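Have a look at coords22.pdb; it's PDB, C-alpha atoms:
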ATOM      1  CA  MET N   1     -48.104 -83.883 -10.756
ATOM      2  CA  SER N   2     -47.128 -84.369 -14.392
ATOM      3  CA  SER N   3     -44.005 -86.389 -15.155
ATOM      4  CA  ALA N   4     -42.540 -83.664 -17.395
ATOM      5  CA  PRO N   5     -40.148 -81.457 -15.428
ATOM      6  CA  ILE N   6     -41.144 -77.854 -14.714
ATOM      7  CA  ILE N   7     -38.555 -75.538 -16.231
ATOM      8  CA  VAL N   8     -38.496 -71.940 -15.039
ATOM      9  CA  GLY N   9     -36.268 -69.246 -16.522
ATOM     10  CA  VAL N  10     -34.495 -66.854 -14.164
ATOM     11  CA  THR N  11     -33.283 -63.716 -15.891
ATOM     12  CA  GLY N  12     -32.297 -60.124 -15.271
ATOM     13  CA  GLY N  13     -29.690 -57.653 -16.388
ATOM     14  CA  ILE N  14     -26.037 -57.954 -15.422
ATOM     15  CA  GLY N  15     -25.589 -57.444 -11.667
ATOM     16  CA  SER N  16     -29.283 -57.916 -10.861
ATOM     17  CA  GLY N  17     -28.572 -60.956  -8.657
ATOM     18  CA  LYS N  18     -29.923 -63.862 -10.732
ATOM     19  CA  SER N  19     -27.405 -66.321  -9.258
ATOM     20  CA  ILE N  20     -28.309 -65.381  -5.668
ATOM     21  CA  VAL N  21     -31.996 -66.003  -6.418
ATOM     22  CA  CYS N  22     -31.107 -69.416  -7.922
ATOM     23  CA  LYS N  23     -28.980 -70.330  -4.883
ATOM     24  CA  VAL N  24     -31.982 -69.679  -2.610
ATOM     25  CA  PHE N  25     -34.197 -71.863  -4.824
ATOM     26  CA  GLU N  26     -31.516 -74.586  -4.668
ATOM     27  CA  THR N  27     -31.846 -74.735  -0.870
ATOM     28  CA  LEU N  28     -35.474 -75.786  -1.513
ATOM     29  CA  GLY N  29     -34.490 -78.591  -3.903
ATOM     30  CA  ALA N  30     -34.381 -76.823  -7.272
ATOM     31  CA  VAL N  31     -31.558 -77.597  -9.720
ATOM     32  CA  THR N  32     -30.098 -74.782 -11.844
ATOM     33  CA  TYR N  33     -28.624 -74.688 -15.332
ATOM     34  CA  TYR N  34     -26.350 -71.623 -15.435
ATOM     35  CA  ALA N  35     -26.486 -70.824 -19.157
ATOM     36  CA  ASP N  36     -23.721 -68.196 -19.185
ATOM     37  CA  ASP N  37     -21.325 -70.454 -17.238
ATOM     38  CA  ARG N  38     -22.109 -73.374 -19.534
ATOM     39  CA  ALA N  39     -21.577 -71.138 -22.593
ATOM     40  CA  LYS N  40     -18.091 -70.282 -21.269
ATOM     41  CA  TRP N  41     -17.405 -73.968 -20.579
ATOM     42  CA  LEU N  42     -18.535 -74.964 -24.091
ATOM     43  CA  MET N  43     -16.398 -72.235 -25.673
ATOM     44  CA  ASN N  44     -13.392 -73.822 -23.935
ATOM     45  CA  ASN N  45     -14.300 -77.495 -24.358
ATOM     46  CA  ASP N  46     -16.539 -78.056 -27.399
ATOM     47  CA  PRO N  47     -14.171 -78.607 -30.379
ATOM     48  CA  LYS N  48     -16.823 -77.622 -32.952
ATOM     49  CA  LEU N  49     -17.641 -74.356 -31.156
ATOM     50  CA  ILE N  50     -13.945 -73.564 -30.582
ATOM     51  CA  GLY N  51     -13.355 -73.918 -34.340
ATOM     52  CA  GLU N  52     -16.294 -71.601 -35.147
ATOM     53  CA  VAL N  53     -15.155 -68.964 -32.616
ATOM     54  CA  LYS N  54     -11.628 -69.013 -34.099
ATOM     55  CA  LYS N  55     -13.128 -68.621 -37.572
ATOM     56  CA  LEU N  56     -15.008 -65.523 -36.392
ATOM     57  CA  PHE N  57     -12.311 -63.881 -34.229
ATOM     58  CA  GLY N  58      -9.050 -65.473 -35.361
ATOM     59  CA  ASP N  59      -6.648 -67.662 -33.351
ATOM     60  CA  GLU N  60      -5.978 -64.825 -30.873
ATOM     61  CA  ALA N  61      -9.456 -65.495 -29.414
ATOM     62  CA  TYR N  62      -7.690 -68.214 -27.379
ATOM     63  CA  LYS N  63      -4.715 -67.665 -25.101
ATOM     64  CA  ASN N  64      -2.840 -70.671 -23.658
ATOM     65  CA  GLY N  65      -5.672 -72.974 -24.716
ATOM     66  CA  SER N  66      -8.402 -70.911 -23.002
ATOM     67  CA  ILE N  67     -10.805 -68.388 -24.441
ATOM     68  CA  ASP N  68      -9.642 -64.802 -24.014
ATOM     69  CA  ARG N  69     -12.879 -63.354 -22.677
ATOM     70  CA  LYS N  70     -11.654 -59.762 -22.592
ATOM     71  CA  PHE N  71     -10.522 -59.930 -26.236
ATOM     72  CA  ILE N  72     -13.887 -61.406 -27.312
ATOM     73  CA  ALA N  73     -15.938 -58.944 -25.212
ATOM     74  CA  ASP N  74     -13.997 -55.954 -26.549
ATOM     75  CA  LYS N  75     -14.683 -57.030 -30.140
ATOM     76  CA  ALA N  76     -18.295 -58.172 -29.640
ATOM     77  CA  PHE N  77     -19.548 -55.229 -27.600
ATOM     78  CA  GLN N  78     -18.026 -52.719 -30.050
ATOM     79  CA  ASP N  79     -19.847 -54.183 -33.037
ATOM     80  CA  GLN N  80     -23.446 -55.419 -32.949
ATOM     81  CA  SER N  81     -23.015 -57.610 -36.050
ATOM     82  CA  VAL N  82     -20.061 -59.434 -34.427
ATOM     83  CA  LEU N  83     -22.092 -59.914 -31.236
ATOM     84  CA  ASP N  84     -24.995 -61.298 -33.283
ATOM     85  CA  GLN N  85     -22.655 -63.726 -35.090
ATOM     86  CA  LEU N  86     -21.155 -64.868 -31.780
ATOM     87  CA  ASN N  87     -24.631 -65.423 -30.289
ATOM     88  CA  ALA N  88     -25.641 -67.384 -33.400
ATOM     89  CA  LEU N  89     -22.742 -69.785 -32.680
ATOM     90  CA  VAL N  90     -23.105 -70.051 -28.913
ATOM     91  CA  HIS N  91     -26.892 -70.247 -28.455
ATOM     92  CA  PRO N  92     -27.466 -73.474 -30.456
ATOM     93  CA  ALA N  93     -24.568 -75.154 -28.591
ATOM     94  CA  VAL N  94     -26.085 -74.086 -25.264
ATOM     95  CA  GLY N  95     -29.523 -75.265 -26.435
ATOM     96  CA  ASN N  96     -28.213 -78.784 -27.135
ATOM     97  CA  ASP N  97     -26.342 -78.836 -23.831
ATOM     98  CA  LEU N  98     -29.502 -77.712 -21.985
ATOM     99  CA  SER N  99     -31.617 -80.500 -23.544
ATOM    100  CA  GLN N 100     -29.121 -83.073 -22.318
ATOM    101  CA  TRP N 101     -29.061 -81.470 -18.840
ATOM    102  CA  ILE N 102     -32.896 -81.496 -18.616
ATOM    103  CA  ASP N 103     -32.875 -85.183 -19.444
ATOM    104  CA  GLU N 104     -30.290 -85.881 -16.720
ATOM    105  CA  ASN N 105     -32.193 -83.845 -14.084
ATOM    106  CA  LYS N 106     -35.812 -84.574 -15.027
ATOM    107  CA  HIS N 107     -36.663 -86.008 -11.592
ATOM    108  CA  ALA N 108     -35.867 -82.783  -9.707
ATOM    109  CA  PRO N 109     -38.945 -80.953  -8.310
ATOM    110  CA  LEU N 110     -38.013 -77.766 -10.179
ATOM    111  CA  LEU N 111     -35.486 -76.979 -12.899
ATOM    112  CA  LEU N 112     -34.196 -73.434 -13.322
ATOM    113  CA  LYS N 113     -32.462 -72.000 -16.370
ATOM    114  CA  GLU N 114     -30.448 -68.945 -15.316
ATOM    115  CA  ALA N 115     -29.635 -66.745 -18.306
ATOM    116  CA  ALA N 116     -29.014 -63.047 -18.890
ATOM    117  CA  LEU N 117     -30.554 -63.007 -22.385
ATOM    118  CA  LEU N 118     -33.760 -65.010 -21.953
ATOM    119  CA  PHE N 119     -36.144 -62.492 -23.512
ATOM    120  CA  GLU N 120     -33.619 -61.093 -25.997
ATOM    121  CA  THR N 121     -33.076 -64.515 -27.609
ATOM    122  CA  GLY N 122     -36.725 -65.625 -27.432
ATOM    123  CA  SER N 123     -35.659 -68.778 -25.534
ATOM    124  CA  TYR N 124     -38.150 -67.918 -22.745
ATOM    125  CA  LYS N 125     -40.935 -69.204 -25.030
ATOM    126  CA  LYS N 126     -39.691 -72.778 -24.496
ATOM    127  CA  LEU N 127     -39.987 -72.521 -20.697
ATOM    128  CA  ASN N 128     -42.965 -73.073 -18.391
ATOM    129  CA  LYS N 129     -42.564 -69.778 -16.504
ATOM    130  CA  THR N 130     -40.098 -66.909 -16.161
ATOM    131  CA  ILE N 131     -38.813 -64.921 -13.192
ATOM    132  CA  LEU N 132     -37.273 -61.503 -13.740
ATOM    133  CA  VAL N 133     -34.797 -60.296 -11.105
ATOM    134  CA  THR N 134     -34.652 -56.506 -10.961
ATOM    135  CA  ALA N 135     -32.417 -53.942  -9.258
ATOM    136  CA  PRO N 136     -31.713 -50.259  -9.933
ATOM    137  CA  GLU N 137     -29.024 -49.680 -12.558
ATOM    138  CA  GLU N 138     -26.603 -47.859 -10.226
ATOM    139  CA  ILE N 139     -26.710 -50.781  -7.729
ATOM    140  CA  ARG N 140     -26.103 -53.273 -10.557
ATOM    141  CA  ILE N 141     -23.089 -51.335 -11.872
ATOM    142  CA  GLN N 142     -21.620 -51.130  -8.360
ATOM    143  CA  ARG N 143     -22.088 -54.901  -7.805
ATOM    144  CA  VAL N 144     -20.435 -55.873 -11.101
ATOM    145  CA  VAL N 145     -17.450 -53.536 -10.680
ATOM    146  CA  GLN N 146     -16.853 -55.026  -7.199
ATOM    147  CA  ARG N 147     -17.356 -58.618  -8.414
ATOM    148  CA  ASP N 148     -15.402 -58.401 -11.709
ATOM    149  CA  PRO N 149     -12.135 -56.477 -11.234
ATOM    150  CA  HIS N 150     -11.409 -56.738 -14.984
ATOM    151  CA  ARG N 151     -14.493 -54.618 -15.797
ATOM    152  CA  SER N 152     -14.675 -50.840 -15.543
ATOM    153  CA  GLN N 153     -17.879 -48.873 -14.996
ATOM    154  CA  THR N 154     -17.820 -48.016 -18.724
ATOM    155  CA  ASP N 155     -17.590 -51.737 -19.624
ATOM    156  CA  VAL N 156     -20.611 -52.530 -17.453
ATOM    157  CA  GLU N 157     -22.601 -49.623 -18.897
ATOM    158  CA  ALA N 158     -21.815 -50.913 -22.430
ATOM    159  CA  ILE N 159     -23.166 -54.360 -21.485
ATOM    160  CA  ILE N 160     -26.307 -52.873 -19.878
ATOM    161  CA  ASP N 161     -26.810 -50.827 -23.027
ATOM    162  CA  LYS N 162     -26.955 -54.039 -25.114
ATOM    163  CA  GLN N 163     -29.544 -55.686 -22.834
ATOM    164  CA  LEU N 164     -33.267 -54.969 -22.847
ATOM    165  CA  LYS N 165     -34.379 -52.520 -20.149
ATOM    166  CA  ASP N 166     -36.409 -53.866 -17.205
ATOM    167  CA  GLU N 167     -39.462 -51.899 -18.425
ATOM    168  CA  GLU N 168     -39.368 -53.963 -21.626
ATOM    169  CA  LYS N 169     -38.871 -57.268 -19.782
ATOM    170  CA  ILE N 170     -41.504 -56.821 -17.054
ATOM    171  CA  PRO N 171     -44.518 -57.425 -19.388
ATOM    172  CA  LEU N 172     -42.859 -60.664 -20.618
ATOM    173  CA  ALA N 173     -42.098 -62.081 -17.147
ATOM    174  CA  ASP N 174     -44.488 -64.256 -15.130
ATOM    175  CA  PHE N 175     -42.954 -63.263 -11.777
ATOM    176  CA  ILE N 176     -40.667 -60.485 -10.539
ATOM    177  CA  ILE N 177     -38.174 -60.623  -7.662
ATOM    178  CA  GLU N 178     -36.816 -57.281  -6.526
ATOM    179  CA  ASN N 179     -33.199 -57.400  -5.393
ATOM    180  CA  ASP N 180     -32.694 -53.755  -4.508
ATOM    181  CA  GLY N 181     -31.365 -54.378  -0.998
ATOM    182  CA  GLY N 182     -34.632 -53.165   0.530
ATOM    183  CA  GLN N 183     -36.613 -56.420   0.346
ATOM    184  CA  SER N 184     -35.721 -59.933   1.422
ATOM    185  CA  VAL N 185     -34.885 -62.098  -1.590
ATOM    186  CA  ILE N 186     -35.244 -65.213   0.610
ATOM    187  CA  LYS N 187     -38.816 -64.232   1.595
ATOM    188  CA  GLN N 188     -39.748 -63.539  -2.055
ATOM    189  CA  VAL N 189     -38.357 -66.927  -3.170
ATOM    190  CA  MET N 190     -40.087 -68.796  -0.324
ATOM    191  CA  GLU N 191     -43.419 -67.252  -1.340
ATOM    192  CA  LEU N 192     -42.876 -68.024  -5.015
ATOM    193  CA  TYR N 193     -41.630 -71.620  -4.749
ATOM    194  CA  PRO N 194     -45.008 -73.255  -3.946
ATOM    195  CA  LEU N 195     -46.605 -71.447  -6.914
ATOM    196  CA  LEU N 196     -44.008 -72.919  -9.280
ATOM    197  CA  ILE N 197     -44.217 -76.560  -8.286
ATOM    198  CA  THR N 198     -48.020 -76.919  -8.269
TER     199      THR N 198
END
Could you show the structure in this file as structure tokens?
Amino acid sequence: MSSAPIIVGVTGGIGSGKSIVCKVFETLGAVTYYADDRAKWLMNNDPKLIGEVKKLFGDEAYKNGSIDRKFIADKAFQDQSVLDQLNALVHPAVGNDLSQWIDENKHAPLLLKEAALLFETGSYKKLNKTILVTAPEEIRIQRVVQRDPHRSQTDVEAIIDKQLKDEEKIPLADFIIENDGGQSVIKQVMELYPLLIT
């Protein structure tokens, strides 16, 4: 086996179940970089990024020293140019953080990068393989509304609207895991794992 770590992207629209798929892989020894969680962490802890976010949104982007996610989401999802500017700040910071993380975890049998916008940003091109997690839109909306009490159905639909549709992502993905409640995610991961580490 080559000494360079294998890095596989795990993506899918909001509520598709990317994190669940990663958790199953982790039981087999994989290590996951949760890009969206790290982006949130960096927006609260990276002084340079905090300064840039305040420049874009004003000081009210932070409440009691923490990023006001609802305030940012309301602004960004209403205006594509604001969302693009925010992504242009956050993605390079996440990219640097990811490089450091890869270096720290290079001896793991499999590294996963879990990210909602893998195809949208083009970052999938830097990975060895990609897995797309799919689920019907109505199931995804239901999951997110249950999981995130601060989001309404309309909020979730607005987010879905900004993401590429599964039909556009499927041709770009190397593997697909269906998380529609009808098929075992564990079985799909168990079948896929040996293909990824060889």
When the PyMOL selection byres ((chain N and resi 157-167) around 8) is applied to the structure above, which residues does it catch, written out as an MDAnalysis selection string?
chainID N and resid 12:14 77 117 120 134 141 153:156 168:171
Hits of the PyMOL selection byres ((chain N and resi 114) around 8) in this structure, as a PyMOL selection string:
chain N and resi 9-11+18-19+22+32-36+112-113+115-116
Smallest atom-to-atom distance to Leu127 (chain N): which of N:Ala108, N:Ile6, N:Ile186, N:Val21, using all atoms listed in the file?
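The answer is N:Ile6, which sits nearest to Leu127 (chain N).
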Evaluate the PyMOL selection byres ((chain N and resi 76) around 12) and report residues as a ChimeraX atom specification
/N:53,56-57,61,69-75,77-87,155,158-159,162
Rounded to one decimal in Å, what is the spacing between CA of Ala39 (chain N) and CA of Leu98 (chain N)?
10.3 Å
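Interatomic distance, CA of Leu195 (chain N) to CA of Val8 (chain N): 11.5 Å.
Atom to atom, CA of Thr27 (chain N) and CA of Val144 (chain N) stand 24.3 Å apart.
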Identify the residues around (-38.4, -70.2, -8.0) within a radius of 10 Å, measuring from only C-alpha atoms in the coordinates stated by the file, and give them as a PyMOL selection string.
chain N and resi 7-10+21-26+28+30+110-112+129-131+175+177+188-197
Residue with smallest distance to Asn64 (chain N) - pool N:Asn44, N:Gln146, N:Tyr124, N:Gly15, counting all atoms listed in the file
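Residue with the minimum atom-to-atom distance to Asn64 (chain N): N:Asn44.
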Calculate, to one decimal in Å, the centre and edge lengths of the box along x, y and z of the file that holds all listed atoms of region 107-123 of chain N with 4 Å of margin on each side, and present them as JSON.
{"center_x": -34.0, "center_y": -73.6, "center_z": -18.0, "size_x": 17.9, "size_y": 32.9, "size_z": 27.3}
Given only C-alpha atoms as the counted atoms, nearest of N:Val145, N:Val185, N:Val90, N:Ala173 to Asp46 (chain N)
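Among the listed residues, the smallest separation from Asp46 (chain N) belongs to N:Val90.
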